[in-house]
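Participant: Okay, handing you the structure first.
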Amino acid sequence: MLAVRSLRSYYESICALKSVSIHISEGEIVTLIGANGSGKSTLLNTIAGLMQRATGSILLEGKEILGLQASSIVKAGIALVPEGRQLFAPMSVIDNLVLGYYSSYSLKTKKDQNRRIEWIFDIFPVLGERQKQLAGTLSGGEQQMLSIARALMSEPKVILLDEPSMGLAPKIVEDIFQTLIELRDRTSLTIFLVEQNAKLALSICGRGYVIETGQIILSGTREELMNNKEVLRAYLGKE
Amino acid sequence: MPLWNESEETISRGELEQVQLERLQQTLGRVYRRVSYYRNLFNRIGFDPFEFSSIEDLIKIPFTTKETLRIAYPYDMFAVPLREVVRMQSTSGTTGQPIIVGYTMNDIDHWTELMARVLTAGGVTKDDIIQICFPYGLFTGGLGFHFGAERVGASVIPSGEADVEQQLTIMRDYRTTALACAPTYAALLLENIMEMDMAAAELCLRKALLGAESWSEAFRNELQDKLGVIATDNYGLTEIIGPGISYECENRDGLHISEDHFIPEIIDPESGEILPPGAKGELVITTITKEAFPLVRYRTGDITSLMTDPCECGRTFIKMSRVFGRVDDMIILNGQNIFPVQFEGILNEVIGKVPNYRLVVDSKDNQDFLEIQVEISQDIFNDEIKSLNYLENGIVRNVEDRLGFIPRLKLVEPRTIKRDMKESRVIDRRKTE
């Protein structure tokens with residue numbers, strides 16, 4: 001589904017990603033674990049088309065998307081759930097969702113948009129209950145749900161999540177992840193999950209990568225990563 | 001016949017290349033950070049592992065040789081702290097300083113999976129009773145096959161280095177259906193079956209997996225006929241992992257290389273130049289999943305060729321031909337490359353079986369010549385047709401026809417030639433003083 005090959009991404013002259021290669025197959029939940037500043041967000045932002053300068057290759061279903069405008073990448077089927085949610089706080093829940101549909105919007109698709117909103121309320125009932133409420137007044141968990149829901153509005157093939165667990169209570173995170181797993185089971189949604197909370201990420205992924213100072217240092221199945229002492233020590237705090 | 005792991009063994013070439021690229025980049029980064037030999041090497045040649053963008057770039061890295069590993073004894077090539085190493089194995093050390101190979105828990109798991117592929121391709125399933133006649137201990141054969149066989153779920157008899165008579169008794173009484181051993185050992189078993197007055201029919205053997213030495217098609221046919229088994233070849237090397245690098249399937253037409261763990265290259269042993277598929281040369285391997293003892297472009301010393309034709313079994317991995325021999329065994333006779341194993345087919349045809357033999361190479365007046373020494377035993381003389389003359393003429397003429405030169409021939413008494421797995425078939429007097 002998504003293949004990244006030898007990706008180098010730059011902030012001005014600083015190389016933040018050094019020959020990063022990863023891949024995600026359809027319906028997989030793949031995680032990227034790394035510490036602060038390791039390049040996790042940079043990778044997601046590069047895939048989403050938000051970085052100014054990058055070389056290498058990003059293939060979505062075999063087609064090159066590196067260099068495309070972010071809006072084209074959304075249209076192609078990749079949606080980003082950014083770090084810190086990045087909701088439009090002074091707008092209502094429904095308006096945030098409508099904006100998530102923006103790239104597909106036309107007069108002809110209004111009906112489709114409404115259908116999708118209904119579908120979202122089906123998955124996240126609490127958003128339906130609070131649909132007219134301003135996004136900035138929602139609880140942390142509800143905001144995260146809204147951020148994910150907004151991404152789902154564009155009917156993505158691949159959803160990129162940047163530290164969705166940050167600042168949330170474990171039970172809420174569990175619920176949200178459970179919802180994602182169900183979504184994947186029902187719709188073959190492909191999920192790329194970036195997390196600092198390695199334990200959490202490893203609990204739901206099938207496969208993962210570990211990134212350190214812009215390089216992928218390790219990859220493997222969930223079991224392999226958990227058997228790797230380097231991972232255990234550095235990210236799970238065990239000896 | 002089923003595959004051990006269908007999704008992995010029939011992976012599309014495109015996906016395989018992606019996986020190889022990812023794992024290779026991780027490996028290069030890891031050896032740079034953790035193995036001083038590679039860090040120094042990369043620095044010296046100005047190679048930046050974090051600039052590495054495609055598998056073709058591998059060519060920039062000089063080969064790693066056995067000598068380097070010997071100098072690194074004991075642990076300098078290890079890429080993880082010792083406390084993460086859960087197993088040590090070693091090379092035999094017959095030709096020099098032994099090399100210690102370490103394995104992490106993941107390495108053992110990968111090795112086991114690779115062996116499960118080998119065994120399954122050789123026809124072994126959980127319904128088999130497998131007798132492992134490889135040495136257990138520091139040598140990788142015994143434990144490698146053992147772990148793989150257990151994972152497959154077969155009933156494992158770890159008979160190891162028990163003496164031949166005992167092995168055969170076990171084989172008959174335990175009703176062994178699958179055998180894993182070295183070809184010279186299989187030959188020994190065959191001989192003893194005759195001596196013990198056992199009929200091959202008393203045995204339940206149906207499959208034999210042979211490896212650790214090169215062996216000929218002639219011997220495969222002999223084994224298959226006399227024991228009624230399907231005999232498959234498999235290839236490995238302790239420094240890389242042990243057995244499990246490549247394996248024959250039921251088609252017995254080339255060995256599938258587990259390319260998701262090892263990247264193979266074929267080079268000219270003299271010039272180091274990379275050769276195209278089909279060309280015979282030295283196999284070079286880069287490990288891409290090993291954690292404790294990763295190796296980049298390691299010269300195996302084995303001569304083979306790569307085969308890109310698809311296999312009916314459905315596996316998408318590239319195949320290698322049966323190993324022709326060791327680079328060290330390769331004889332250059334008046335400019336021609338010859339391998340001991342080429343003589344086996346000829347000897348088998350003329351004599352009716354592969355005897356114990358040795359090749360002695362010497363030169364005089366700038367001309368190289370080769371003498372084949374063949375052990376002649378009683379059973380060969382039983383048949384009246386096979387007179388000495390017939391044998392001599394047959395062997396010499398066949399070698400002349402097939403290999404293009406006239407050899408000398410010396411028929412010797414039984415037990416004159418020492419027979420040992422590690423002992424070379426070739427004595428090259430040109431090299432010794």
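All residue names refer to the structure tokens as shown: chains lettered A, B, ... in order, residues numbered from 1 in each chain, ligands numbered from 1 in order.
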Write out as a PyMOL selection string which residues come within 10 Å of Leu275 of chain B when counting only C-alpha atoms, dropping same-chain ones fewer than 3 positions away.
Facilitator: chain B and resi 265-268+272+278-282+305-306
Participant: Can you write just those residues out, N, CA and C atoms, as a short mmCIF file (atom, residue, chain, number, x, y, z; two decimals), in the first residue's frame?
Facilitator:
data_model
loop_
_atom_site.label_atom_id
_atom_site.label_comp_id
_atom_site.auth_asym_id
_atom_site.auth_seq_id
_atom_site.Cartn_x
_atom_site.Cartn_y
_atom_site.Cartn_z
N GLU B 265 25.39 -12.65 -3.77
CA GLU B 265 26.06 -12.11 -4.97
C GLU B 265 27.02 -13.19 -5.42
N ILE B 266 27.34 -13.20 -6.72
CA ILE B 266 28.34 -14.14 -7.23
C ILE B 266 29.49 -13.31 -7.78
N ILE B 267 30.71 -13.63 -7.33
CA ILE B 267 31.86 -12.87 -7.81
C ILE B 267 32.92 -13.78 -8.40
N ASP B 268 33.76 -13.17 -9.22
CA ASP B 268 34.93 -13.89 -9.72
C ASP B 268 35.92 -13.94 -8.56
N GLY B 272 37.21 -10.32 -8.05
CA GLY B 272 36.21 -9.70 -7.19
C GLY B 272 35.07 -9.07 -7.96
N GLY B 278 23.78 -17.21 -13.77
CA GLY B 278 24.21 -18.27 -14.68
C GLY B 278 25.71 -18.48 -14.65
N ALA B 279 26.46 -17.45 -14.27
CA ALA B 279 27.92 -17.61 -14.25
C ALA B 279 28.36 -18.24 -12.95
N LYS B 280 29.38 -19.09 -13.05
CA LYS B 280 29.90 -19.77 -11.86
C LYS B 280 30.90 -18.87 -11.16
N GLY B 281 30.78 -18.77 -9.86
CA GLY B 281 31.74 -17.94 -9.14
C GLY B 281 31.56 -18.13 -7.65
N GLU B 282 32.24 -17.30 -6.87
CA GLU B 282 32.18 -17.45 -5.42
C GLU B 282 30.95 -16.75 -4.87
N SER B 305 26.35 -20.88 -8.82
CA SER B 305 25.85 -19.89 -9.76
C SER B 305 24.40 -19.60 -9.39
N LEU B 306 23.89 -18.44 -9.82
CA LEU B 306 22.51 -18.08 -9.50
C LEU B 306 21.60 -18.44 -10.67
#
Participant: Could you list, with a cut-off of 7 Å and counting only C-alpha atoms, the residues of chain B near chain A, each shown with its nearest atom pair and the distance in Å rounded to one decimal, rows sorted by chain and ascending number, as JSON lines?
Facilitator:
{"residue": "B:Glu22", "atom": "CA", "partner": "A:Ser21", "partner_atom": "CA", "distance": 5.2}
{"residue": "B:Gln26", "atom": "CA", "partner": "A:Ile217", "partner_atom": "CA", "distance": 5.0}
{"residue": "B:Gly29", "atom": "CA", "partner": "A:Ile217", "partner_atom": "CA", "distance": 6.7}
{"residue": "B:Arg30", "atom": "CA", "partner": "A:Ile217", "partner_atom": "CA", "distance": 6.7}
{"residue": "B:Phe50", "atom": "CA", "partner": "A:Lys18", "partner_atom": "CA", "distance": 5.6}
{"residue": "B:Glu51", "atom": "CA", "partner": "A:Ser19", "partner_atom": "CA", "distance": 6.0}
{"residue": "B:Phe52", "atom": "CA", "partner": "A:Ser19", "partner_atom": "CA", "distance": 6.7}
{"residue": "B:Ser53", "atom": "CA", "partner": "A:Ser6", "partner_atom": "CA", "distance": 5.1}
{"residue": "B:Glu84", "atom": "CA", "partner": "A:Lys229", "partner_atom": "CA", "distance": 6.9}
{"residue": "B:Met105", "atom": "CA", "partner": "A:Asn227", "partner_atom": "CA", "distance": 6.8}
{"residue": "B:Asn106", "atom": "CA", "partner": "A:Glu224", "partner_atom": "CA", "distance": 6.2}
Participant: Got time to write the residues from that selection, C-alpha atoms, as a PDB file, in the first residue's frame?
Facilitator:
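As written to disk, selection24.pdb reads:
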ATOM      1  CA  GLU B  22      14.857  -1.706   4.709  1.00  0.00           C
ATOM      2  CA  GLN B  26      19.189  -1.102   9.273  1.00  0.00           C
ATOM      3  CA  GLY B  29      23.590   1.444  10.366  1.00  0.00           C
ATOM      4  CA  ARG B  30      23.866  -1.171  13.076  1.00  0.00           C
ATOM      5  CA  PHE B  50      23.036   6.699   6.146  1.00  0.00           C
ATOM      6  CA  GLU B  51      23.384   7.806   2.550  1.00  0.00           C
ATOM      7  CA  PHE B  52      22.855   4.266   1.326  1.00  0.00           C
ATOM      8  CA  SER B  53      19.888   4.413  -0.977  1.00  0.00           C
ATOM      9  CA  GLU B  84      22.085 -10.382  24.783  1.00  0.00           C
ATOM     10  CA  MET B 105      16.947 -14.665  20.927  1.00  0.00           C
ATOM     11  CA  ASN B 106      15.638 -13.236  17.674  1.00  0.00           C
TER      12      ASN B 106
END
Participant: Quick one: residues within 9 Å of segment 409-419 of chain B, only C-alpha atoms counted, chain neighbours fewer than 3 positions away excluded, as a PyMOL selection string?
Facilitator: chain B and resi 184+356-358+370-378+388+392+395-396+422-423+425
Participant: Could you turn the residues from that selection into a file that holds N, CA and C atoms, as an mmCIF file, in the first residue's frame?
Facilitator:
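And here's again.cif as it stands now:
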data_model
loop_
_atom_site.group_PDB
_atom_site.id
_atom_site.type_symbol
_atom_site.label_atom_id
_atom_site.label_comp_id
_atom_site.auth_asym_id
_atom_site.auth_seq_id
_atom_site.Cartn_x
_atom_site.Cartn_y
_atom_site.Cartn_z
ATOM 1 N N THR B 184 28.878 -37.676 3.229
ATOM 2 C CA THR B 184 29.844 -38.749 3.506
ATOM 3 C C THR B 184 29.301 -39.673 4.586
ATOM 4 N N ASN B 356 35.842 -44.224 -2.825
ATOM 5 C CA ASN B 356 36.684 -43.277 -2.131
ATOM 6 C C ASN B 356 37.815 -42.899 -3.087
ATOM 7 N N TYR B 357 38.028 -41.609 -3.291
ATOM 8 C CA TYR B 357 39.015 -41.210 -4.291
ATOM 9 C C TYR B 357 39.749 -39.963 -3.840
ATOM 10 N N ARG B 358 40.837 -39.701 -4.543
ATOM 11 C CA ARG B 358 41.614 -38.495 -4.228
ATOM 12 C C ARG B 358 42.224 -37.986 -5.518
ATOM 13 N N LEU B 370 47.202 -34.251 -13.571
ATOM 14 C CA LEU B 370 46.347 -34.666 -12.466
ATOM 15 C C LEU B 370 46.271 -36.184 -12.410
ATOM 16 N N GLU B 371 46.430 -36.730 -11.196
ATOM 17 C CA GLU B 371 46.312 -38.172 -11.019
ATOM 18 C C GLU B 371 45.102 -38.471 -10.153
ATOM 19 N N ILE B 372 44.249 -39.348 -10.660
ATOM 20 C CA ILE B 372 43.088 -39.761 -9.869
ATOM 21 C C ILE B 372 43.484 -41.033 -9.138
ATOM 22 N N GLN B 373 43.382 -41.011 -7.818
ATOM 23 C CA GLN B 373 43.636 -42.225 -7.048
ATOM 24 C C GLN B 373 42.297 -42.780 -6.602
ATOM 25 N N VAL B 374 42.030 -44.013 -6.973
ATOM 26 C CA VAL B 374 40.729 -44.607 -6.660
ATOM 27 C C VAL B 374 40.908 -45.849 -5.803
ATOM 28 N N GLU B 375 40.200 -45.910 -4.714
ATOM 29 C CA GLU B 375 40.229 -47.084 -3.844
ATOM 30 C C GLU B 375 39.376 -48.166 -4.469
ATOM 31 N N ILE B 376 39.990 -49.296 -4.708
ATOM 32 C CA ILE B 376 39.230 -50.385 -5.312
ATOM 33 C C ILE B 376 38.958 -51.433 -4.252
ATOM 34 N N SER B 377 37.714 -51.718 -4.013
ATOM 35 C CA SER B 377 37.375 -52.695 -2.976
ATOM 36 C C SER B 377 36.874 -53.992 -3.608
ATOM 37 N N GLN B 378 36.724 -54.970 -2.781
ATOM 38 C CA GLN B 378 36.398 -56.325 -3.231
ATOM 39 C C GLN B 378 35.161 -56.391 -4.126
ATOM 40 N N LEU B 388 40.424 -54.823 -14.537
ATOM 41 C CA LEU B 388 41.226 -53.637 -14.270
ATOM 42 C C LEU B 388 41.316 -52.745 -15.503
ATOM 43 N N GLU B 392 40.263 -48.840 -15.889
ATOM 44 C CA GLU B 392 41.232 -47.799 -16.198
ATOM 45 C C GLU B 392 40.855 -47.071 -17.477
ATOM 46 N N ILE B 395 37.632 -44.892 -17.050
ATOM 47 C CA ILE B 395 37.796 -43.640 -16.306
ATOM 48 C C ILE B 395 38.573 -42.621 -17.141
ATOM 49 N N VAL B 396 39.694 -43.067 -17.662
ATOM 50 C CA VAL B 396 40.547 -42.124 -18.406
ATOM 51 C C VAL B 396 39.817 -41.563 -19.618
ATOM 52 N N LYS B 422 35.980 -33.055 6.499
ATOM 53 C CA LYS B 422 36.677 -31.790 6.309
ATOM 54 C C LYS B 422 37.953 -31.917 5.486
ATOM 55 N N GLU B 423 38.368 -33.129 5.227
ATOM 56 C CA GLU B 423 39.615 -33.321 4.500
ATOM 57 C C GLU B 423 39.361 -33.137 3.016
ATOM 58 N N ARG B 425 39.563 -33.372 -0.986
ATOM 59 C CA ARG B 425 39.785 -34.458 -1.930
ATOM 60 C C ARG B 425 41.008 -34.202 -2.779
#
Participant: Taking the DSSP secondary structure from the backbone, can you list the residues of segment 160-328 of chain B that are helix (DSSP H, G or I), as an MDAnalysis selection string?
Facilitator: chainID B and resid 164:173 183:195 200:202 217:227
Participant: Env of segment 95-107 of chain A: 10 Å cut, atoms = only C-alpha atoms, seq-sep filter 2 positions within chain, self excluded. Answer as a VMD selection string.
Facilitator: chain A and resid 71 to 75 79 87 to 93 109 to 114 116 to 117 120 131 to 135 146 to 155
Participant: Could you please write out, as a ChimeraX atom specification, every residue of segment 99-341 of chain B that DSSP assigns to strand (DSSP E or B)?
Facilitator: /B:100-103,129-132,155-157,178-181,207-210,230-237,242-248,255-257,262-267,274,281-287,298-304,306-307,319-320,325-326,331-333,336-338
